[in-house]
$ cat model30.txt   # compact mmCIF, C-alpha atoms (C1' of nucleotides)
# COMPACT_ATOMS: atom_id res chain seq x y z
CA MET Q 1033 62.78 146.61 2.06
CA GLY Q 1034 59.79 147.60 4.14
CA ALA Q 1035 59.44 145.80 7.45
CA ASP Q 1036 55.69 145.77 7.57
CA ARG Q 1037 54.83 144.30 4.20
CA ALA Q 1038 53.72 140.79 3.45
CA LYS Q 1039 55.90 140.20 0.40
CA GLY Q 1040 54.02 137.57 -1.53
CA HIS Q 1041 52.34 136.04 1.49
CA LEU Q 1042 49.40 138.41 1.59
CA ASP Q 1043 46.93 135.91 0.14
CA THR Q 1044 47.93 133.41 2.80
CA LEU Q 1045 47.33 135.98 5.53
CA ILE Q 1046 43.90 136.93 4.20
CA LEU Q 1047 42.82 133.32 3.85
CA SER Q 1048 44.02 132.67 7.37
CA VAL Q 1049 41.99 135.53 8.85
CA LEU Q 1050 38.87 134.40 7.01
CA SER Q 1051 39.35 130.79 8.04
CA MET Q 1052 38.31 131.79 11.57
CA GLY Q 1053 34.97 133.03 10.27
CA PRO Q 1054 33.46 135.30 7.60
CA GLY Q 1055 34.45 138.95 7.52
CA HIS Q 1056 34.52 142.05 5.36
CA GLY Q 1057 37.49 143.87 3.91
CA TYR Q 1058 37.88 146.60 6.46
CA GLU Q 1059 37.64 144.00 9.19
CA VAL Q 1060 40.36 141.87 7.60
CA ILE Q 1061 42.68 144.87 7.72
CA ALA Q 1062 41.90 145.44 11.39
CA GLU Q 1063 42.30 141.76 12.24
CA LEU Q 1064 45.65 141.59 10.49
CA ARG Q 1065 46.84 144.61 12.42
CA ARG Q 1066 45.55 143.21 15.70
CA ARG Q 1067 46.92 139.71 15.34
CA SER Q 1068 50.33 140.86 14.16
CA ASP Q 1069 50.51 143.39 16.98
CA GLY Q 1070 50.57 146.26 14.50
CA ALA Q 1071 53.22 144.85 12.18
CA PHE Q 1072 50.86 144.21 9.27
CA ASP Q 1073 49.12 147.49 8.59
CA MET Q 1074 47.90 147.04 5.04
CA PRO Q 1075 46.47 149.87 2.94
CA GLU Q 1076 42.98 149.34 1.56
CA GLY Q 1077 44.32 149.56 -1.96
CA THR Q 1078 46.24 146.38 -1.26
CA ILE Q 1079 43.53 144.36 0.47
CA TYR Q 1080 40.51 144.98 -1.75
CA PRO Q 1081 42.10 143.97 -5.03
CA SER Q 1082 43.52 140.93 -3.27
CA LEU Q 1083 40.07 139.91 -2.03
CA HIS Q 1084 38.70 140.28 -5.57
CA ARG Q 1085 41.53 138.18 -6.93
CA LEU Q 1086 40.94 135.43 -4.38
CA GLU Q 1087 37.23 135.39 -5.12
CA LYS Q 1088 37.90 135.15 -8.85
CA GLN Q 1089 40.14 132.20 -8.11
CA GLY Q 1090 37.31 130.51 -6.25
CA LEU Q 1091 39.03 130.58 -2.87
CA LEU Q 1092 36.52 133.03 -1.42
CA GLU Q 1093 32.80 133.74 -1.80
CA SER Q 1094 31.02 136.94 -0.85
CA ASP Q 1095 27.62 138.49 -0.22
CA TRP Q 1096 26.47 142.03 0.41
CA ASP Q 1097 25.38 142.79 3.92
CA THR Q 1098 23.95 145.94 5.50
CA HIS Q 1099 25.00 146.96 8.98
CA ASP Q 1100 24.02 150.29 10.60
CA GLY Q 1101 23.15 151.67 7.19
CA ARG Q 1102 26.58 150.87 5.80
CA ARG Q 1103 26.95 148.24 3.18
CA ARG Q 1104 29.63 145.63 3.48
CA ARG Q 1105 30.82 142.79 1.36
CA VAL Q 1106 31.24 139.80 3.62
CA TYR Q 1107 33.71 137.16 2.49
CA ARG Q 1108 33.96 133.54 3.53
CA LEU Q 1109 36.35 130.73 2.69
CA THR Q 1110 35.27 128.11 0.17
CA ALA Q 1111 36.31 124.46 0.49
CA GLN Q 1112 38.88 125.18 -2.18
CA GLY Q 1113 40.07 128.15 -0.15
CA ALA Q 1114 40.51 125.99 2.93
CA THR Q 1115 42.64 123.56 0.95
CA ALA Q 1116 44.68 126.39 -0.52
CA LEU Q 1117 45.26 127.77 2.97
CA ALA Q 1118 46.48 124.40 4.22
CA VAL Q 1119 48.90 124.15 1.31
CA ALA Q 1120 50.08 127.73 1.75
CA THR Q 1121 50.65 127.23 5.47
CA THR Q 1122 52.79 124.18 4.82
CA GLU Q 1123 54.71 126.08 2.18
CA TRP Q 1124 55.24 128.98 4.57
CA ARG Q 1125 56.72 126.71 7.20
CA ARG Q 1126 59.09 125.13 4.70
CA PHE Q 1127 60.05 128.52 3.38
CA SER Q 1128 60.61 129.83 6.87
CA VAL Q 1129 62.83 126.89 7.79
CA SER Q 1130 64.89 127.40 4.63
CA MET Q 1131 65.30 131.12 5.26
CA ASN Q 1132 66.48 130.49 8.79
CA ALA Q 1133 68.89 127.82 7.57
CA VAL Q 1134 70.48 130.18 5.06
CA LEU Q 1135 70.55 133.13 7.44
CA GLY Q 1136 71.96 130.96 10.17
CA VAL Q 1137 69.45 132.04 12.76
CA ALA Q 1138 67.40 129.87 15.10
CA GLY Q 1139 63.88 129.12 13.85
CA MET A 1497 52.32 130.47 -5.00
CA GLY A 1498 55.60 128.70 -5.71
CA ALA A 1499 57.16 126.98 -2.75
CA ASP A 1500 60.77 127.53 -3.72
CA ARG A 1501 60.80 131.26 -4.36
CA ALA A 1502 62.21 133.88 -2.10
CA LYS A 1503 59.50 136.53 -2.67
CA GLY A 1504 61.17 139.75 -1.73
CA HIS A 1505 63.77 138.19 0.50
CA LEU A 1506 66.19 137.30 -2.26
CA ASP A 1507 68.50 140.22 -1.56
CA THR A 1508 68.70 139.18 2.07
CA LEU A 1509 69.64 135.65 1.09
CA ILE A 1510 72.36 136.80 -1.29
CA LEU A 1511 73.84 139.21 1.25
CA SER A 1512 73.80 136.43 3.81
CA VAL A 1513 75.70 134.01 1.58
CA LEU A 1514 78.31 136.65 0.76
CA SER A 1515 78.69 137.64 4.39
CA MET A 1516 80.53 134.35 4.96
CA GLY A 1517 83.15 135.34 2.38
CA PRO A 1518 83.45 136.58 -1.22
CA GLY A 1519 81.93 134.52 -4.00
CA HIS A 1520 80.80 134.63 -7.61
CA GLY A 1521 77.28 134.37 -9.00
CA TYR A 1522 77.26 130.74 -9.91
CA GLU A 1523 78.64 129.92 -6.51
CA VAL A 1524 75.93 131.93 -4.75
CA ILE A 1525 73.30 129.85 -6.55
CA ALA A 1526 75.00 126.61 -5.47
CA GLU A 1527 75.39 127.80 -1.89
CA LEU A 1528 71.76 128.82 -1.67
CA ARG A 1529 70.73 125.40 -2.93
CA ARG A 1530 73.09 123.63 -0.54
CA ARG A 1531 72.20 125.59 2.57
CA SER A 1532 68.47 125.39 1.98
CA ASP A 1533 68.72 121.66 1.30
CA GLY A 1534 67.53 122.17 -2.27
CA ALA A 1535 64.56 124.42 -1.48
CA PHE A 1536 66.09 127.56 -3.00
CA ASP A 1537 67.05 126.65 -6.55
CA MET A 1538 67.27 130.03 -8.22
CA PRO A 1539 67.63 130.49 -11.98
CA GLU A 1540 70.63 132.50 -13.16
CA GLY A 1541 68.34 135.10 -14.67
CA THR A 1542 67.18 135.90 -11.16
CA ILE A 1543 70.53 135.98 -9.39
CA TYR A 1544 72.66 138.01 -11.79
CA PRO A 1545 70.36 141.02 -12.08
CA SER A 1546 69.99 140.92 -8.32
CA LEU A 1547 73.76 141.02 -7.82
CA HIS A 1548 74.01 143.96 -10.20
CA ARG A 1549 71.27 145.77 -8.34
CA LEU A 1550 72.94 145.20 -4.99
CA GLU A 1551 76.24 146.45 -6.35
CA LYS A 1552 74.58 149.56 -7.75
CA GLN A 1553 73.11 150.17 -4.31
CA GLY A 1554 76.59 149.99 -2.80
CA LEU A 1555 75.91 146.86 -0.76
CA LEU A 1556 78.33 144.76 -2.81
CA GLU A 1557 81.63 145.31 -4.60
CA SER A 1558 83.10 143.11 -7.32
CA ASP A 1559 86.25 142.34 -9.26
CA TRP A 1560 86.98 140.12 -12.18
CA ASP A 1561 88.95 137.00 -11.40
CA THR A 1562 90.33 134.27 -13.63
CA HIS A 1563 90.22 130.70 -12.46
CA ASP A 1564 91.22 127.74 -14.69
CA GLY A 1565 90.81 129.96 -17.73
CA ARG A 1566 87.26 130.91 -16.81
CA ARG A 1567 86.47 134.44 -15.85
CA ARG A 1568 84.35 135.11 -12.81
CA ARG A 1569 83.04 138.20 -11.17
CA VAL A 1570 83.74 137.85 -7.48
CA TYR A 1571 81.46 139.79 -5.14
CA ARG A 1572 82.09 140.83 -1.57
CA LEU A 1573 80.02 142.62 1.03
CA THR A 1574 80.72 146.30 1.69
CA ALA A 1575 80.37 147.79 5.17
CA GLN A 1576 77.08 149.21 4.01
CA GLY A 1577 76.08 145.74 2.84
CA ALA A 1578 76.88 144.27 6.24
CA THR A 1579 74.67 146.87 7.90
CA ALA A 1580 71.89 146.22 5.42
CA LEU A 1581 72.13 142.50 6.11
CA ALA A 1582 71.85 143.07 9.86
CA VAL A 1583 68.77 145.22 9.33
CA ALA A 1584 67.23 142.74 6.91
CA THR A 1585 67.84 139.83 9.25
CA THR A 1586 66.10 141.63 12.10
CA GLU A 1587 63.23 142.50 9.78
CA TRP A 1588 62.98 138.90 8.67
CA ARG A 1589 62.68 137.68 12.26
CA ARG A 1590 59.98 140.21 13.02
CA PHE A 1591 58.16 139.34 9.82
CA SER A 1592 58.42 135.64 10.58
CA VAL A 1593 57.05 136.10 14.10
CA SER A 1594 54.13 138.14 12.75
CA MET A 1595 53.33 135.58 10.06
CA ASN A 1596 53.30 132.79 12.62
CA ALA A 1597 51.11 134.86 14.92
CA VAL A 1598 48.50 135.43 12.22
CA LEU A 1599 48.64 131.87 10.93
CA GLY A 1600 48.43 130.55 14.46
CA VAL A 1601 51.35 128.20 14.07
CA ALA A 1602 54.31 127.72 16.39
CA GLY A 1603 57.40 129.66 15.38
C1' DC R 1478 87.75 114.16 -33.30
C1' DG R 1479 82.86 115.40 -31.86
C1' DA R 1480 79.43 115.68 -28.47
C1' DC R 1481 78.06 116.61 -24.20
C1' DT R 1482 78.13 118.40 -19.60
C1' DA R 1483 79.51 121.52 -16.02
C1' DC R 1484 80.99 125.88 -15.33
C1' DC R 1485 80.30 131.00 -15.82
C1' DC R 1486 78.41 135.36 -17.41
C1' DC R 1487 74.68 138.35 -19.38
C1' DT R 1488 70.07 140.81 -21.04
C1' DA R 1489 65.34 141.84 -22.95
C1' DG R 1490 60.74 141.31 -22.18
C1' DA R 1491 56.82 139.97 -19.70
C1' DC R 1492 54.22 138.96 -15.73
C1' DT R 1493 52.27 140.04 -11.40
C1' DA R 1494 52.00 141.71 -6.74
C1' DC R 1495 51.80 145.56 -4.33
C1' DC R 1496 51.60 150.51 -3.36
C1' DT R 1497 50.17 155.28 -4.21
C1' DA R 1498 46.75 158.22 -4.74
C1' DG R 1499 42.95 159.24 -5.63
C1' DG R 1500 37.48 158.62 -5.65
C1' DT R 1501 32.47 157.70 -3.30
C1' DA R 1502 29.35 157.45 0.69
C1' DT R 1503 27.33 156.91 5.73
C1' DG R 1504 27.19 157.76 10.78
C1' DG R 1505 28.64 159.83 14.94
C1' DG R 1506 31.14 162.93 17.92
C1' DA R 1507 33.23 167.54 18.90
C1' DT B 216 29.59 172.29 10.91
C1' DC B 217 33.62 169.70 10.28
C1' DC B 218 36.17 165.88 10.87
C1' DC B 219 37.02 161.14 11.73
C1' DA B 220 36.05 156.26 11.52
C1' DT B 221 33.78 153.08 8.84
C1' DA B 222 33.38 150.89 4.30
C1' DC B 223 33.98 150.21 -0.57
C1' DC B 224 36.45 150.86 -5.09
C1' DT B 225 39.92 151.58 -9.26
C1' DA B 226 43.69 153.43 -12.35
C1' DG B 227 48.31 153.70 -12.85
C1' DG B 228 52.94 153.08 -11.66
C1' DT B 229 56.90 150.65 -9.60
C1' DA B 230 59.71 146.93 -8.82
C1' DG B 231 60.97 142.15 -8.15
C1' DT B 232 61.18 137.81 -10.37
C1' DC B 233 60.79 134.53 -14.13
C1' DT B 234 61.17 133.00 -18.94
C1' DA B 235 63.86 132.49 -22.55
C1' DG B 236 67.11 133.32 -24.83
C1' DG B 237 72.38 134.85 -25.85
C1' DG B 238 77.63 134.30 -25.20
C1' DG B 239 81.92 131.46 -24.07
C1' DT B 240 85.60 127.86 -21.68
C1' DA B 241 87.25 123.29 -19.77
C1' DG B 242 86.98 118.56 -19.20
C1' DT B 243 85.23 113.94 -20.19
C1' DC B 244 83.43 110.19 -22.78
C1' DG B 245 82.84 107.57 -26.89

$ encode --input "model30.txt" --output "structure tokens"
Amino acid sequence: MGADRAKGHLDTLILSVLSMGPGHGYEVIAELRRRSDGAFDMPEGTIYPSLHRLEKQGLLESDWDTHDGRRRRVYRLTAQGATALAVATTEWRRFSVSMNAVLGVAG
Amino acid sequence: MGADRAKGHLDTLILSVLSMGPGHGYEVIAELRRRSDGAFDMPEGTIYPSLHRLEKQGLLESDWDTHDGRRRRVYRLTAQGATALAVATTEWRRFSVSMNAVLGVAG
DNA sequence: CGACTACCCCTAGACTACCTAGGTATGGGA
DNA sequence: TCCCATACCTAGGTAGTCTAGGGGTAGTCG
């Protein structure tokens, strides 16, 4: 039971990061690490396939960009992605409340 | 993204229920449903393999019991299981804090 | 009596998310 | 020159969970 893994909530986290503005994969990893104070330190092999999956589902769109000679794929949330994020956030809160209720800890 | 699934935290939930006293599988399901106000409604095919796995890991012990002619396998937490629960609970709180930080919602 | 429901246990097989472990390539600093 | 940070990618395996069945007992209702 790793402490630093997202356990089924990874898509929610990625959508959340990209809801604040477009970004590329490597940046999403850095943002996740920064905002979670180091707790979420995802390997690239986890993030990239997840981004591809989300794009295939229509929750993200992407374009190639070139920056300092390096190419990047910049992702942005679609309207559908924004809706999915809202739903997922609500679900997370409900889930969190239920977990705390069962564990008997304060939310 | 199902709202009622435990996504990697199922073991923690089961250990938590059994930390309040021994119980059998069917009872664990009912307790989970009751304590989560219906949110966690786990199918038997999820709970039983999980109980077996936890026992194999040494976190639970079990004995057969007969009650009203029906046989039950009653599980109880081992010392190792209690330790694992304490660790998992701490991890859950950290995870929860990190999720809320990234999502930008109040804990 | 028969049917149905609640109780109680179990497993095989499949799905899917995630991780591991590699690969490619550029730019900059030591 | 070598290494590190940046930046992308995929194949393959592991493991958790669900689906979809199987078994059986006790009590109630018609």

$ closest_residue --input "model30.txt" --among "R:DG1479, R:DA1507, R:DC1495, R:DT1501" --to "chain Q" --atoms "all atoms listed in the file"
R:DC1495

$ interface_residues --input "model30.txt" --of "chain R" --to "chain Q" --cutoff "10 Å" --atoms "only C-alpha atoms (C1' of nucleotides)" --output "list in words"
DA1494, DC1495, DC1496, DT1497, DA1498, DA1502, DT1503 and DG1504 of chain R

$ atom_distance --input "model30.txt" --atom1 "atom CA of Leu1581 of chain A" --atom2 "atom CA of Val1513 of chain A"
10.3 Å

$ closest_atom_pairs --input "model30.txt" --of "chain B" --to "chain Q" --cutoff "12 Å" --atoms "only C-alpha atoms (C1' of nucleotides)" --output "CSV"
residue,atom,partner,partner_atom,distance
B:DA220,C1',Q:Tyr1058,CA,11.1
B:DT221,C1',Q:Tyr1058,CA,8.0
B:DA222,C1',Q:Arg1104,CA,6.5
B:DC223,C1',Q:Arg1104,CA,7.5
B:DC224,C1',Q:Tyr1080,CA,7.9
B:DT225,C1',Q:Gly1077,CA,8.8
B:DA226,C1',Q:Gly1077,CA,11.1
B:DA230,C1',Q:Met1033,CA,11.3
B:DG231,C1',Q:Lys1039,CA,10.1
B:DT232,C1',Q:Gly1040,CA,11.4

$ closest_atom_pairs --input "model30.txt" --of "chain Q" --to "chain A" --cutoff "10 Å" --atoms "all atoms listed in the file" --output "tab-separated table"
residue	atom	partner	partner_atom	distance
Q:Met1033	CA	A:Ala1584	CA	7.6
Q:Gly1034	CA	A:Glu1587	CA	8.3
Q:Ala1035	CA	A:Glu1587	CA	5.5
Q:Asp1036	CA	A:Phe1591	CA	7.2
Q:Arg1037	CA	A:Phe1591	CA	8.2
Q:Ala1038	CA	A:Phe1591	CA	7.9
Q:Lys1039	CA	A:Gly1504	CA	5.7
Q:Gly1040	CA	A:Lys1503	CA	5.7
Q:His1041	CA	A:Lys1503	CA	8.3
Q:Leu1042	CA	A:Met1595	CA	9.8
Q:Asp1043	CA	A:Met1497	CA	9.2
Q:Thr1044	CA	A:Leu1599	CA	8.3
Q:Leu1045	CA	A:Val1598	CA	6.8
Q:Ile1046	CA	A:Val1598	CA	9.4
Q:Leu1047	CA	A:Leu1599	CA	9.3
Q:Ser1048	CA	A:Leu1599	CA	5.9
Q:Val1049	CA	A:Val1598	CA	7.3
Q:Ser1051	CA	A:Leu1599	CA	9.8
Q:Glu1063	CA	A:Val1598	CA	8.9
Q:Leu1064	CA	A:Val1598	CA	7.0
Q:Arg1065	CA	A:Val1598	CA	9.3
Q:Arg1066	CA	A:Val1598	CA	9.0
Q:Arg1067	CA	A:Val1598	CA	5.5
Q:Ser1068	CA	A:Ser1594	CA	4.9
Q:Asp1069	CA	A:Ser1594	CA	7.7
Q:Gly1070	CA	A:Ser1594	CA	9.0
Q:Ala1071	CA	A:Ser1594	CA	6.8
Q:Phe1072	CA	A:Ser1594	CA	7.7
Q:Ala1116	CA	A:Met1497	CA	9.8
Q:Leu1117	CA	A:Leu1599	CA	9.6
Q:Val1119	CA	A:Met1497	CA	9.6
Q:Ala1120	CA	A:Met1497	CA	7.6
Q:Thr1121	CA	A:Leu1599	CA	7.4
Q:Thr1122	CA	A:Ala1499	CA	9.2
Q:Glu1123	CA	A:Ala1499	CA	5.6
Q:Trp1124	CA	A:Ala1499	CA	7.8
Q:Arg1125	CA	A:Gly1603	CA	8.7
Q:Arg1126	CA	A:Ala1499	CA	7.9
Q:Phe1127	CA	A:Ala1499	CA	6.9
Q:Ser1128	CA	A:Ser1592	CA	7.2
Q:Val1129	CA	A:Ser1532	CA	8.2
Q:Ser1130	CA	A:Ser1532	CA	4.9
Q:Met1131	CA	A:Ser1532	CA	7.3
Q:Asn1132	CA	A:Ser1532	CA	8.7
Q:Ala1133	CA	A:Ser1532	CA	6.1
Q:Val1134	CA	A:Arg1531	CA	5.5
Q:Leu1135	CA	A:Ser1512	CA	5.9
Q:Gly1136	CA	A:Ser1512	CA	8.6
Q:Val1137	CA	A:Thr1585	CA	8.7
Q:Ala1138	CA	A:Arg1589	CA	9.6
Q:Gly1139	CA	A:Gly1603	CA	6.7

$ residues_around --input "model30.txt" --residues "Tyr1107 of chain Q" --least-positions-apart "4" --cutoff "6 Å" --atoms "only C-alpha atoms (C1' of nucleotides)" --output "PyMOL selection string"
chain Q and resi 1054-1056+1093-1094

$ atom_distance --input "model30.txt" --atom1 "atom CA of Leu1086 of chain Q" --atom2 "atom CA of Ala1114 of chain Q"
11.9 Å

$ atom_distance --input "model30.txt" --atom1 "atom CA of Thr1110 of chain Q" --atom2 "atom CA of Trp1096 of chain Q"
16.5 Å

$ axis_aligned_box --input "model30.txt" --around "segment 1570-1588 of chain A" --padding-each-side "8 Å" --output "lines of an AutoDock Vina configuration file"
center_x = 73.4
center_y = 143.5
center_z = 2.3
size_x = 36.8
size_y = 27.4
size_z = 35.6
